[in-house]
>>> print(open('final_29.cif').read())   # mmCIF, C-alpha atoms
data_run
loop_
_atom_site.label_atom_id
_atom_site.label_comp_id
_atom_site.auth_asym_id
_atom_site.auth_seq_id
_atom_site.Cartn_x
_atom_site.Cartn_y
_atom_site.Cartn_z
CA MET A 9 9.71 -2.96 26.06
CA LEU A 10 8.72 0.36 27.58
CA ILE A 11 8.77 3.42 25.31
CA THR A 12 9.05 6.50 27.52
CA HIS A 13 8.80 10.29 27.19
CA ALA A 14 6.67 10.13 24.06
CA ASN A 15 4.21 12.69 22.76
CA LEU A 16 1.58 10.27 21.50
CA ILE A 17 -0.72 10.73 18.51
CA THR A 18 -3.18 7.89 19.11
CA TRP A 19 -5.40 8.11 15.97
CA GLU A 20 -8.35 6.94 18.04
CA ARG A 21 -11.84 8.24 17.32
CA PRO A 22 -11.70 10.97 18.46
CA ASN A 23 -7.97 11.36 18.13
CA ARG A 24 -5.98 12.22 21.25
CA ILE A 25 -2.57 13.79 21.78
CA LEU A 26 -0.94 12.68 25.02
CA GLU A 27 2.23 14.46 26.10
CA ASP A 28 5.03 12.71 27.97
CA HIS A 29 3.37 9.33 27.96
CA ALA A 30 4.74 5.80 27.78
CA LEU A 31 3.69 2.60 26.00
CA TYR A 32 4.31 -0.87 27.34
CA ILE A 33 4.77 -3.41 24.51
CA GLU A 34 4.50 -7.16 24.95
CA ASN A 35 4.34 -9.93 22.30
CA GLY A 36 4.13 -7.39 19.50
CA LEU A 37 1.10 -5.58 20.94
CA ILE A 38 0.55 -2.40 22.90
CA ARG A 39 -0.49 -3.54 26.38
CA GLU A 40 -0.75 -0.31 28.34
CA ILE A 41 -0.53 3.47 27.91
CA ALA A 42 -0.11 5.96 30.76
CA PRO A 43 2.04 8.95 31.78
CA THR A 44 5.75 8.17 31.75
CA ALA A 45 6.26 8.61 35.49
CA GLU A 46 3.55 6.07 36.29
CA MET A 47 4.79 3.53 33.75
CA GLU A 48 8.41 3.73 34.89
CA GLN A 49 7.28 2.80 38.41
CA ARG A 50 5.00 0.03 37.11
CA TYR A 51 7.60 -1.61 34.86
CA PRO A 52 11.00 -0.95 36.47
CA GLN A 53 12.63 -4.04 34.89
CA ALA A 54 11.42 -3.47 31.32
CA GLU A 55 13.84 -2.67 28.50
CA ARG A 56 13.43 1.05 27.81
CA LEU A 57 13.47 3.15 24.68
CA ASP A 58 13.44 6.89 25.34
CA ALA A 59 11.47 8.77 22.69
CA ARG A 60 12.95 12.07 23.92
CA ARG A 61 9.60 13.88 23.52
CA GLN A 62 9.35 13.04 19.83
CA TRP A 63 5.92 12.46 18.32
CA VAL A 64 5.12 8.76 18.50
CA MET A 65 2.29 7.59 16.28
CA PRO A 66 1.13 4.53 14.33
CA GLY A 67 3.19 3.75 11.25
CA ASN A 68 1.75 4.76 7.90
CA ILE A 69 -0.13 2.22 5.78
CA CYS A 70 -0.03 1.96 1.98
CA ALA A 71 -3.15 0.39 0.46
CA HIS A 72 -1.77 -0.27 -3.04
CA THR A 73 1.81 -0.52 -4.29
CA HIS A 74 4.03 -2.43 -6.74
CA PHE A 75 7.40 -3.58 -5.44
CA TYR A 76 8.17 -5.13 -8.83
CA GLY A 77 8.47 -1.71 -10.48
CA ALA A 78 11.64 -0.75 -8.62
CA PHE A 79 13.94 -1.28 -11.61
CA ALA A 80 11.98 1.27 -13.63
CA ARG A 81 13.90 4.05 -11.88
CA GLY A 82 16.28 5.57 -14.42
CA LEU A 83 15.22 3.17 -17.18
CA ALA A 84 15.10 4.69 -20.69
CA ILE A 85 12.05 3.71 -22.74
CA PRO A 86 13.17 3.08 -26.36
CA GLY A 87 11.63 5.17 -29.11
CA SER A 88 9.08 7.90 -28.66
CA ALA A 89 7.50 8.60 -25.28
CA PRO A 90 4.19 6.80 -24.58
CA ARG A 91 1.24 8.96 -25.61
CA ASN A 92 -1.34 7.47 -23.28
CA PHE A 93 -1.80 5.01 -20.44
CA TYR A 94 -2.16 1.93 -22.66
CA GLU A 95 1.15 2.75 -24.34
CA ILE A 96 2.74 3.17 -20.89
CA LEU A 97 1.64 -0.37 -20.11
CA GLN A 98 2.89 -1.71 -23.43
CA LYS A 99 6.22 0.14 -23.52
CA LEU A 100 7.17 0.17 -19.83
CA TRP A 101 5.35 -2.03 -17.35
CA TRP A 102 4.55 -5.14 -19.35
CA PRO A 103 8.08 -5.50 -20.80
CA LEU A 104 9.55 -4.83 -17.35
CA ASP A 105 7.51 -7.47 -15.56
CA GLN A 106 8.67 -10.02 -18.20
CA ALA A 107 12.30 -9.12 -17.43
CA LEU A 108 12.12 -10.16 -13.77
CA ASP A 109 13.60 -13.36 -12.36
CA GLU A 110 13.75 -14.47 -8.72
CA GLU A 111 16.81 -12.38 -7.84
CA SER A 112 15.40 -9.19 -9.34
CA VAL A 113 12.01 -9.82 -7.69
CA ARG A 114 13.68 -10.17 -4.29
CA LEU A 115 15.82 -7.07 -4.81
CA SER A 116 12.85 -5.07 -6.10
CA ALA A 117 11.08 -5.88 -2.86
CA LEU A 118 14.08 -5.17 -0.67
CA VAL A 119 14.78 -1.69 -2.01
CA CYS A 120 11.10 -0.80 -1.53
CA LEU A 121 11.12 -2.21 1.99
CA ILE A 122 14.16 -0.12 2.89
CA ASP A 123 12.34 2.91 1.53
CA ALA A 124 9.28 2.03 3.63
CA ILE A 125 11.24 1.64 6.87
CA LYS A 126 13.06 4.93 6.33
CA HIS A 127 9.83 6.76 5.49
CA GLY A 128 7.75 5.34 8.33
CA THR A 129 5.42 3.09 6.30
CA THR A 130 4.91 -0.11 8.27
CA THR A 131 2.12 -1.97 6.38
CA LEU A 132 1.98 -2.36 2.60
CA PHE A 133 -0.48 -3.95 0.17
CA ASP A 134 1.62 -5.14 -2.77
CA HIS A 135 0.32 -6.21 -6.18
CA HIS A 136 2.94 -8.34 -7.96
CA ALA A 137 3.68 -9.44 -11.54
CA SER A 138 6.62 -11.46 -12.93
CA PRO A 139 5.29 -13.79 -15.66
CA ASN A 140 8.61 -15.58 -16.07
CA PHE A 141 8.80 -16.26 -12.32
CA ILE A 142 5.30 -17.03 -11.06
CA GLU A 143 5.48 -20.12 -8.87
CA GLY A 144 7.09 -19.19 -5.57
CA SER A 145 7.24 -15.46 -6.36
CA LEU A 146 4.99 -14.49 -3.44
CA THR A 147 6.98 -16.70 -1.09
CA ALA A 148 10.17 -14.94 -2.20
CA ILE A 149 8.66 -11.52 -1.55
CA GLY A 150 7.16 -12.67 1.75
CA GLU A 151 10.55 -13.91 2.94
CA GLU A 152 12.06 -10.49 2.27
CA VAL A 153 9.17 -8.75 4.05
CA GLU A 154 9.75 -10.91 7.11
CA ARG A 155 13.50 -10.33 6.88
CA ALA A 156 12.87 -6.58 6.86
CA GLY A 157 10.39 -6.93 9.73
CA LEU A 158 7.55 -5.05 8.05
CA ARG A 159 3.92 -6.06 7.61
CA ALA A 160 2.46 -6.76 4.15
CA VAL A 161 -0.47 -8.22 2.23
CA LEU A 162 0.72 -9.79 -1.04
CA CYS A 163 -0.96 -11.04 -4.21
CA TYR A 164 -0.05 -12.06 -7.76
CA GLU A 165 -1.84 -10.42 -10.68
CA VAL A 166 -3.87 -12.85 -12.79
CA THR A 167 -4.08 -11.76 -16.43
CA ASP A 168 -4.82 -13.29 -19.83
CA ARG A 169 -2.12 -11.38 -21.64
CA TYR A 170 0.50 -14.17 -21.33
CA GLY A 171 -1.81 -17.04 -22.21
CA GLU A 172 -4.01 -19.59 -20.49
CA GLU A 173 -1.24 -21.61 -18.85
CA LYS A 174 0.34 -18.63 -17.10
CA ALA A 175 -3.09 -17.44 -15.98
CA ARG A 176 -3.58 -20.86 -14.36
CA GLN A 177 -0.17 -20.62 -12.70
CA ALA A 178 -1.02 -17.16 -11.36
CA ILE A 179 -4.32 -18.40 -9.92
CA ALA A 180 -2.50 -21.30 -8.26
CA GLU A 181 0.16 -18.98 -6.81
CA ASN A 182 -2.49 -16.80 -5.18
CA VAL A 183 -4.32 -19.78 -3.71
CA ARG A 184 -1.14 -21.43 -2.42
CA PHE A 185 0.08 -18.24 -0.76
CA ILE A 186 -3.28 -17.35 0.81
CA GLU A 187 -3.41 -20.79 2.41
CA ALA A 188 0.25 -20.72 3.46
CA THR A 189 -0.01 -17.38 5.27
CA ARG A 190 -3.34 -17.77 7.06
CA HIS A 191 -1.66 -17.71 10.46
CA SER A 192 1.34 -15.47 9.72
CA SER A 193 1.73 -12.49 12.02
CA LEU A 194 3.46 -10.27 9.43
CA VAL A 195 2.53 -11.48 5.93
CA ARG A 196 -0.89 -12.37 4.53
CA GLY A 197 -2.16 -13.16 1.07
CA THR A 198 -5.08 -11.95 -0.98
CA PHE A 199 -6.07 -12.71 -4.59
CA GLY A 200 -4.57 -10.49 -7.29
CA LEU A 201 -6.21 -9.65 -10.61
CA HIS A 202 -4.76 -7.24 -13.17
CA ALA A 203 -7.60 -5.19 -14.68
CA PRO A 204 -10.79 -5.81 -16.65
CA LEU A 205 -9.11 -4.92 -19.96
CA THR A 206 -6.78 -7.97 -19.73
CA LEU A 207 -9.19 -10.45 -18.13
CA SER A 208 -11.90 -12.65 -19.59
CA SER A 209 -15.07 -13.88 -17.90
CA ARG A 210 -13.67 -17.39 -18.15
CA THR A 211 -10.49 -16.48 -16.25
CA LEU A 212 -12.37 -14.55 -13.58
CA GLU A 213 -14.75 -17.47 -13.09
CA ALA A 214 -11.73 -19.78 -12.70
CA ALA A 215 -10.26 -17.40 -10.11
CA LEU A 216 -13.55 -17.28 -8.21
CA GLN A 217 -13.82 -21.04 -8.22
CA ALA A 218 -10.24 -21.48 -6.99
CA ALA A 219 -10.26 -18.74 -4.35
CA PRO A 220 -10.50 -20.04 -0.76
CA GLN A 221 -13.75 -19.21 0.99
CA GLY A 222 -13.87 -15.65 2.31
CA THR A 223 -11.12 -14.41 0.00
CA GLY A 224 -11.31 -10.95 -1.52
CA PHE A 225 -9.56 -9.63 -4.61
CA HIS A 226 -7.08 -6.84 -5.32
CA ILE A 227 -7.73 -5.43 -8.81
CA HIS A 228 -7.12 -2.31 -10.89
CA LEU A 229 -10.36 -0.77 -12.13
CA ALA A 230 -11.04 2.13 -14.49
CA GLU A 231 -7.54 3.56 -14.12
CA SER A 232 -7.89 4.87 -17.66
CA THR A 233 -10.72 4.84 -20.20
CA ASP A 234 -9.35 1.56 -21.66
CA ASP A 235 -11.25 -0.60 -19.16
CA ARG A 236 -14.53 1.06 -20.03
CA ARG A 237 -14.04 0.90 -23.79
CA THR A 238 -12.91 -2.75 -23.71
CA ILE A 239 -15.61 -4.12 -21.41
CA LEU A 240 -18.46 -2.12 -22.90
CA SER A 241 -17.63 -3.42 -26.38
CA ARG A 242 -17.07 -7.01 -25.23
CA GLU A 243 -19.56 -7.52 -22.38
CA HIS A 244 -22.02 -4.66 -23.03
CA LEU A 245 -21.66 -3.57 -19.41
CA PRO A 246 -19.51 -0.97 -17.65
CA PRO A 247 -16.52 -2.71 -16.02
CA ALA A 248 -17.58 -2.34 -12.38
CA LEU A 249 -21.01 -3.81 -13.16
CA TRP A 250 -19.33 -6.66 -15.01
CA LEU A 251 -17.15 -7.40 -11.97
CA GLN A 252 -20.19 -7.16 -9.71
CA ARG A 253 -22.16 -9.59 -11.88
CA LEU A 254 -19.32 -12.09 -11.76
CA GLY A 255 -18.97 -11.81 -7.97
CA ILE A 256 -15.54 -10.17 -7.85
CA LEU A 257 -16.64 -7.14 -5.80
CA GLY A 258 -17.17 -7.68 -2.10
CA PRO A 259 -16.28 -6.45 1.41
CA ARG A 260 -12.72 -7.86 1.19
CA THR A 261 -12.00 -6.64 -2.35
CA ILE A 262 -9.62 -3.72 -3.01
CA VAL A 263 -10.28 -1.70 -6.15
CA ALA A 264 -7.32 0.45 -7.18
CA HIS A 265 -7.87 3.83 -8.89
CA ALA A 266 -11.61 3.77 -9.83
CA ILE A 267 -11.30 6.97 -11.89
CA HIS A 268 -13.62 6.53 -14.88
CA LEU A 269 -16.83 5.29 -13.26
CA ASP A 270 -20.43 6.23 -13.93
CA GLU A 271 -23.20 6.53 -11.32
CA SER A 272 -24.26 2.90 -11.68
CA GLU A 273 -20.69 1.74 -11.02
CA ILE A 274 -20.34 3.88 -7.91
CA GLU A 275 -23.61 2.36 -6.71
CA ALA A 276 -22.15 -1.11 -7.35
CA LEU A 277 -19.15 -0.27 -5.17
CA ILE A 278 -21.46 0.97 -2.42
CA GLU A 279 -23.62 -2.17 -2.57
CA SER A 280 -20.66 -4.54 -2.60
CA GLY A 281 -18.76 -2.94 0.29
CA ALA A 282 -15.53 -2.96 -1.73
CA TRP A 283 -12.61 -0.74 -0.74
CA VAL A 284 -11.25 1.88 -3.18
CA SER A 285 -7.57 2.86 -3.14
CA HIS A 286 -6.59 6.33 -4.39
CA GLN A 287 -3.10 6.96 -5.88
CA PRO A 288 -2.92 10.67 -6.83
CA ARG A 289 0.81 10.87 -7.64
CA SER A 290 0.55 7.98 -10.08
CA ASN A 291 -2.67 9.27 -11.63
CA MET A 292 -1.04 12.64 -12.27
CA ASN A 293 2.12 11.04 -13.67
CA ASN A 294 0.12 8.86 -16.08
CA GLY A 295 -2.24 11.66 -17.04
CA VAL A 296 -5.28 9.42 -16.53
CA GLY A 297 -7.65 11.72 -14.65
CA VAL A 298 -8.93 12.42 -11.14
CA ALA A 299 -11.14 10.00 -9.22
CA ALA A 300 -14.32 11.29 -7.55
CA ILE A 301 -12.90 10.44 -4.15
CA GLU A 302 -14.89 12.97 -2.13
CA LYS A 303 -18.14 11.83 -3.72
CA MET A 304 -17.28 8.24 -2.92
CA LEU A 305 -16.53 9.15 0.68
CA ARG A 306 -19.85 10.96 1.06
CA SER A 307 -21.57 7.91 -0.45
CA GLY A 308 -20.14 5.63 2.21
CA ILE A 309 -17.46 3.93 0.12
CA ARG A 310 -14.37 3.10 2.14
CA VAL A 311 -11.63 5.02 0.34
CA CYS A 312 -7.97 4.32 1.15
CA LEU A 313 -4.64 5.81 0.08
CA GLY A 314 -1.88 3.99 -1.81
CA ASN A 315 1.18 4.98 -3.84
CA ASP A 316 1.12 2.63 -6.88
CA GLY A 317 4.86 2.03 -6.63
CA PHE A 318 5.92 5.62 -5.99
CA SER A 319 8.09 6.17 -2.92
CA ASN A 320 6.69 5.03 0.40
CA ALA A 321 6.66 8.64 1.60
CA MET A 322 2.95 8.54 2.33
CA TRP A 323 2.74 12.12 3.60
CA GLU A 324 3.76 13.17 0.08
CA GLU A 325 0.72 11.22 -1.14
CA TRP A 326 -1.39 13.16 1.39
CA MET A 327 -0.15 16.47 0.03
CA THR A 328 -0.66 15.45 -3.59
CA ALA A 329 -4.25 14.45 -2.89
CA TYR A 330 -4.80 17.66 -0.94
CA LEU A 331 -3.64 19.79 -3.89
CA LEU A 332 -4.82 17.71 -6.85
CA HIS A 333 -8.52 17.87 -6.05
CA LYS A 334 -8.36 21.62 -5.45
CA VAL A 335 -6.84 22.36 -8.83
CA ALA A 336 -8.94 19.79 -10.66
CA HIS A 337 -12.14 21.44 -9.42
CA LEU A 338 -10.83 25.01 -9.29
CA ASP A 339 -12.03 25.09 -5.68
CA PRO A 340 -9.72 25.49 -2.65
CA ARG A 341 -12.36 23.94 -0.39
CA ARG A 342 -12.00 20.50 -1.98
CA MET A 343 -10.25 17.60 -0.22
CA ASN A 344 -9.88 19.08 3.24
CA GLY A 345 -7.51 17.73 5.85
CA TYR A 346 -10.18 15.79 7.73
CA ASP A 347 -11.08 13.90 4.55
CA LEU A 348 -7.43 12.96 4.17
CA VAL A 349 -7.33 11.63 7.73
CA GLU A 350 -10.44 9.57 7.03
CA ILE A 351 -8.78 8.10 3.93
CA ALA A 352 -5.13 7.74 4.89
CA VAL A 353 -5.54 6.93 8.58
CA TYR A 354 -8.90 5.41 9.44
CA SER A 355 -9.75 3.63 6.17
CA ASN A 356 -6.21 2.35 5.70
CA ALA A 357 -6.20 1.06 9.28
CA GLY A 358 -9.59 -0.58 8.76
CA LEU A 359 -8.36 -2.34 5.64
CA ALA A 360 -5.17 -3.55 7.33
CA SER A 361 -7.15 -4.79 10.32
CA LEU A 362 -9.22 -7.05 8.04
CA PHE A 363 -6.04 -8.99 7.30
CA PHE A 364 -4.46 -8.71 10.75
CA PRO A 365 -7.44 -8.89 13.11
CA GLN A 366 -5.37 -10.17 16.03
CA GLN A 367 -2.83 -7.33 15.67
CA PRO A 368 -4.86 -4.41 14.31
CA PRO A 369 -2.49 -1.71 13.01
CA GLY A 370 -3.12 2.00 12.79
CA ARG A 371 -3.94 3.18 16.29
CA LEU A 372 -2.28 3.50 19.69
CA THR A 373 -4.60 1.65 22.03
CA PRO A 374 -4.17 -1.42 24.25
CA GLY A 375 -4.46 -4.53 22.10
CA ALA A 376 -3.36 -2.81 18.88
CA ALA A 377 -0.24 -3.72 16.92
CA ALA A 378 2.95 -2.12 18.19
CA ASP A 379 3.66 -0.64 14.74
CA LEU A 380 5.07 2.78 15.58
CA ILE A 381 7.16 5.61 14.22
CA PHE A 382 8.99 8.42 16.01
CA VAL A 383 8.79 11.82 14.30
CA ASP A 384 11.29 14.54 15.22
CA TYR A 385 8.99 17.51 14.52
CA HIS A 386 9.24 20.78 16.41
CA PRO A 387 6.08 22.82 15.77
CA TYR A 388 6.34 26.57 16.10
CA THR A 389 2.57 26.97 16.46
CA PRO A 390 0.29 24.97 18.79
CA LEU A 391 -0.35 21.39 17.65
CA THR A 392 -3.73 20.01 18.67
CA ALA A 393 -5.87 17.03 17.76
CA GLU A 394 -8.03 19.43 15.74
CA ASN A 395 -5.31 21.04 13.64
CA LEU A 396 -3.02 17.99 13.35
CA PRO A 397 -3.97 17.24 9.69
CA TRP A 398 -2.54 20.58 8.59
CA HIS A 399 0.62 20.13 10.67
CA ILE A 400 1.14 16.83 8.86
CA LEU A 401 0.45 18.38 5.46
CA PHE A 402 2.58 21.48 5.86
CA GLY A 403 5.07 20.48 8.55
CA PHE A 404 5.75 16.75 8.69
CA ARG A 405 8.38 15.35 6.34
CA GLU A 406 9.49 11.75 5.97
CA SER A 407 13.06 12.83 6.77
CA MET A 408 11.79 13.53 10.29
CA VAL A 409 11.08 9.82 10.91
CA THR A 410 13.87 8.68 13.21
CA THR A 411 12.65 5.31 14.49
CA THR A 412 10.41 2.62 12.98
CA ILE A 413 8.99 -0.28 15.00
CA VAL A 414 6.78 -3.15 13.78
CA ALA A 415 5.23 -5.73 16.10
CA GLY A 416 7.45 -4.37 18.87
CA ARG A 417 10.65 -4.98 16.89
CA VAL A 418 12.85 -1.95 16.22
CA LEU A 419 13.65 -1.84 12.49
CA MET A 420 15.30 1.58 12.49
CA GLN A 421 16.57 3.52 15.48
CA ASP A 422 17.79 7.10 15.26
CA ARG A 423 17.79 6.74 11.45
CA ARG A 424 20.03 3.64 11.55
CA LEU A 425 18.57 0.58 9.82
CA LEU A 426 18.82 -2.51 12.00
CA THR A 427 17.34 -5.31 9.86
CA LEU A 428 18.55 -4.53 6.34
CA ASP A 429 21.91 -3.44 4.93
CA GLU A 430 20.98 -0.62 2.57
CA GLU A 431 24.47 -0.20 1.11
CA ALA A 432 24.86 -3.90 0.24
CA ILE A 433 21.33 -4.26 -1.14
CA SER A 434 21.63 -1.13 -3.26
CA ALA A 435 24.99 -2.27 -4.60
CA ARG A 436 23.58 -5.64 -5.60
CA ALA A 437 20.56 -4.03 -7.25
CA ARG A 438 22.87 -1.71 -9.24
CA ALA A 439 24.94 -4.70 -10.32
CA ILE A 440 22.00 -6.63 -11.78
CA ALA A 441 20.06 -3.62 -13.15
CA PRO A 442 21.86 -3.64 -16.54
CA ARG A 443 20.82 -7.29 -17.06
CA VAL A 444 17.23 -6.52 -16.07
CA TRP A 445 17.18 -3.57 -18.47
CA ALA A 446 18.66 -5.70 -21.27
CA ARG A 447 15.91 -8.28 -20.81
CA TYR A 448 13.34 -5.47 -20.69
CA ARG A 449 14.50 -4.18 -24.08
CA GLN A 450 13.92 -7.64 -25.58
CA HIS A 451 10.21 -7.33 -24.76
CA VAL A 452 9.55 -3.73 -25.80
CA PRO A 453 7.34 -3.66 -28.91
CA ALA A 454 9.07 -2.35 -32.03
CA TRP A 455 7.13 0.78 -32.90
#
>>> encode(input="final_29.cif", output="structure tokens")
Amino acid sequence: MLITHANLITWERPNRILEDHALYIENGLIREIAPTAEMEQRYPQAERLDARRQWVMPGNICAHTHFYGAFARGLAIPGSAPRNFYEILQKLWWPLDQALDEESVRLSALVCLIDAIKHGTTTLFDHHASPNFIEGSLTAIGEEVERAGLRAVLCYEVTDRYGEEKARQAIAENVRFIEATRHSSLVRGTFGLHAPLTLSSRTLEAALQAAPQGTGFHIHLAESTDDRRTILSREHLPPALWLQRLGILGPRTIVAHAIHLDESEIEALIESGAWVSHQPRSNMNNGVGVAAIEKMLRSGIRVCLGNDGFSNAMWEEWMTAYLLHKVAHLDPRRMNGYDLVEIAVYSNAGLASLFFPQQPPGRLTPGAAADLIFVDYHPYTPLTAENLPWHILFGFRESMVTTTIVAGRVLMQDRRLLTLDEEAISARARAIAPRVWARYRQHVPAW
């Protein structure tokens, strides 16, 4: 396929903006980039897609999300509102994950995948939980990802909170899926762990022993003060040092949140080469605090951007991060646009490329994945490679995404979904939601 008349945002280092250029796509990869006139002469027989001078750029990447939380939208939590993060877990998320069966897991994924296609997010790192549907749960989600045509890295959260047998099943599900997807072009597996506060040394050692060689982990860390309080009292170590001692941290491990860390824990992240994923919308919603993201960046930690199950409108996550750190520090100089590009573009692309080394997403260069979005944005001031971060922050909106392409396959064209039927999927989700909510209420603690 030849995409013509595109204004390209390449996200190379340094970034380039190339007006009226074309991309030739073959076998899911970008093969060649040159001015449109040249490429039309070079590939006269190729199928063409006219970008009509829209901005064509790599699709967004989400480093941490939860498809399984989709049925929380509109759900009423019984009794008084949760007062803190631990109560949010007890009254919302843990009862909800117990309410999920295979059908609701598939539909949870599908509605999030529709949202991702429409909002221009083409690669997602999902962290799953459904303790009453463990075996085969990642396969079910992976099938829906492939049906949608998106790219994803999936894992199942291992936890001790449902007993030893279910922890063993969760470990086995991770191992099985990692092995099954080693050569998949769209879906890969990693090893999911919940958080230090619900994991024992024994379970983590079992996970380490079972994990295939070279596997990393995807774990929540220090999202609230609960991790710190629990692990300090039980292990007499801060949680990140405990994970480091056990061998959980490493260059393929993703640590989500990392808010309540001390200096020794930040040093542990630096030494291990672990990736940190920042979710500012979720952190604000849960009232858990603000991670020292800029400090981590300056220390050499690879910081990424996720959404923790919020909408896959990743430019909204950009803006939240941009504003949150300013107000938290009472300093308008904090979290500048270039830092956001480093986090949301380059680090996210680096993380995704670890899992898809043969089809590296996140840049427009020959040999990279043909994961693209068209953005119908009409700037009324000059747009340059230097000021692009602020055009994205203050000008780009997800409603401007008109076309989404993954591995050279068009998933949405001119805002029309081609791989998924949004109306039918939404109708089915609405039909089963009352049953999911009824099962949820059976698991809410009586306070």
>>> resolve_selection(input="final_29.cif", expression="the PyMOL selection byres ((chain A and resi 144) around 12)", output="NGL selection string")
:A and (109-110 or 113-114 or 136-143 or 145-151 or 163-164 or 177-178 or 180-185 or 188)
>>> residues_around(input="final_29.cif", residues="stretch 221-229 of chain A", least_positions_apart="2", cutoff="6 Å", atoms="all atoms listed in the file", output="ChimeraX atom specification")
/A:199-203,231,260-264,266
>>> resolve_selection(input="final_29.cif", expression="the PyMOL selection byres ((chain A and resi 369) around 8)", output="list in words")
Pro66, Ala357, Ala360, Ser361, Phe364, Gln367, Pro368, Gly370, Arg371, Ala376, Ala377, Ala378 and Asp379 of chain A
>>> atom_distance(input="final_29.cif", atom1="atom CA of A:Leu158", atom2="atom CA of A:Met322")
15.4 Å
>>> atom_distance(input="final_29.cif", atom1="atom CA of A:Leu257", atom2="atom CA of A:Ile278")
10.0 Å
>>> closest_atom_pairs(input="final_29.cif", of="stretch 71-161 of chain A", to="stretch 425-428 of chain A", cutoff="10 Å", atoms="all atoms listed in the file", output="JSON lines")
{"residue": "A:Leu118", "atom": "CA", "partner": "A:Leu428", "partner_atom": "CA", "distance": 8.3}
{"residue": "A:Val119", "atom": "CA", "partner": "A:Leu428", "partner_atom": "CA", "distance": 9.6}
{"residue": "A:Leu121", "atom": "CA", "partner": "A:Leu428", "partner_atom": "CA", "distance": 8.9}
{"residue": "A:Ile122", "atom": "CA", "partner": "A:Leu428", "partner_atom": "CA", "distance": 7.1}
{"residue": "A:Ile125", "atom": "CA", "partner": "A:Leu425", "partner_atom": "CA", "distance": 8.0}
{"residue": "A:Lys126", "atom": "CA", "partner": "A:Leu425", "partner_atom": "CA", "distance": 7.8}
{"residue": "A:Glu152", "atom": "CA", "partner": "A:Leu428", "partner_atom": "CA", "distance": 9.7}
{"residue": "A:Glu154", "atom": "CA", "partner": "A:Thr427", "partner_atom": "CA", "distance": 9.8}
{"residue": "A:Arg155", "atom": "CA", "partner": "A:Thr427", "partner_atom": "CA", "distance": 7.0}
{"residue": "A:Ala156", "atom": "CA", "partner": "A:Thr427", "partner_atom": "CA", "distance": 5.5}
{"residue": "A:Gly157", "atom": "CA", "partner": "A:Thr427", "partner_atom": "CA", "distance": 7.1}
{"residue": "A:Leu158", "atom": "CA", "partner": "A:Thr427", "partner_atom": "CA", "distance": 10.0}
>>> atom_distance(input="final_29.cif", atom1="atom CA of A:Pro397", atom2="atom CA of A:Asp58")
25.6 Å
>>> resolve_selection(input="final_29.cif", expression="the PyMOL selection byres ((chain A and resi 343) around 8)", output="number ranges by chain")
A: 302, 329-331, 333-334, 341-342, 344-345, 347-348
>>> closest_residue(input="final_29.cif", among="A:Ile33, A:Trp445, A:Val353, A:Leu100", to="A:Thr18", atoms="only C-alpha atoms")
A:Val353
>>> residues_around(input="final_29.cif", residues="A:Ile440", least_positions_apart="6", cutoff="10 Å", atoms="only C-alpha atoms", output="PyMOL selection string")
chain A and resi 79+111-112+115
>>> write_last_selection(input="final_29.cif", atoms="C-alpha atoms", output="PDB file, in the coordinates of the input")
ATOM      1  CA  PHE A  79      13.940  -1.280 -11.610  1.00  0.00           C
ATOM      2  CA  GLU A 111      16.810 -12.380  -7.840  1.00  0.00           C
ATOM      3  CA  SER A 112      15.400  -9.190  -9.340  1.00  0.00           C
ATOM      4  CA  LEU A 115      15.820  -7.070  -4.810  1.00  0.00           C
TER       5      LEU A 115
END
>>> residues_around(input="final_29.cif", residues="stretch 305-318 of chain A", least_positions_apart="2", cutoff="6 Å", atoms="all atoms listed in the file", output="MDAnalysis selection string")
chainID A and resid 70:74 278 283:287 302:303 351:352 355:356
>>> decode(input="final_29.cif", residues="stretch 203-210 of chain A", atoms="N, CA and C atoms", output="CSV table (one decimal), in the first residue's frame")
chain,number,residue,atom,x,y,z
A,203,ALA,N,0.7,-6.6,43.2
A,203,ALA,CA,1.5,-5.5,43.9
A,203,ALA,C,2.1,-6.2,45.2
A,204,PRO,N,3.2,-5.6,45.7
A,204,PRO,CA,3.8,-6.2,46.9
A,204,PRO,C,2.8,-6.5,48.0
A,205,LEU,N,1.8,-5.6,48.3
A,205,LEU,CA,0.9,-5.8,49.4
A,205,LEU,C,0.1,-7.0,49.4
A,206,THR,N,-0.1,-7.7,48.2
A,206,THR,CA,-0.9,-8.9,48.1
A,206,THR,C,0.0,-10.1,47.6
A,207,LEU,N,1.3,-10.0,47.8
A,207,LEU,CA,2.2,-11.0,47.3
A,207,LEU,C,3.2,-11.4,48.4
A,208,SER,N,3.4,-12.7,48.5
A,208,SER,CA,4.4,-13.2,49.5
A,208,SER,C,5.7,-13.5,48.8
A,209,SER,N,6.8,-13.6,49.6
A,209,SER,CA,8.1,-14.1,49.0
A,209,SER,C,7.9,-15.4,48.4
A,210,ARG,N,7.2,-16.3,49.0
A,210,ARG,CA,7.0,-17.7,48.5
A,210,ARG,C,6.4,-17.6,47.1
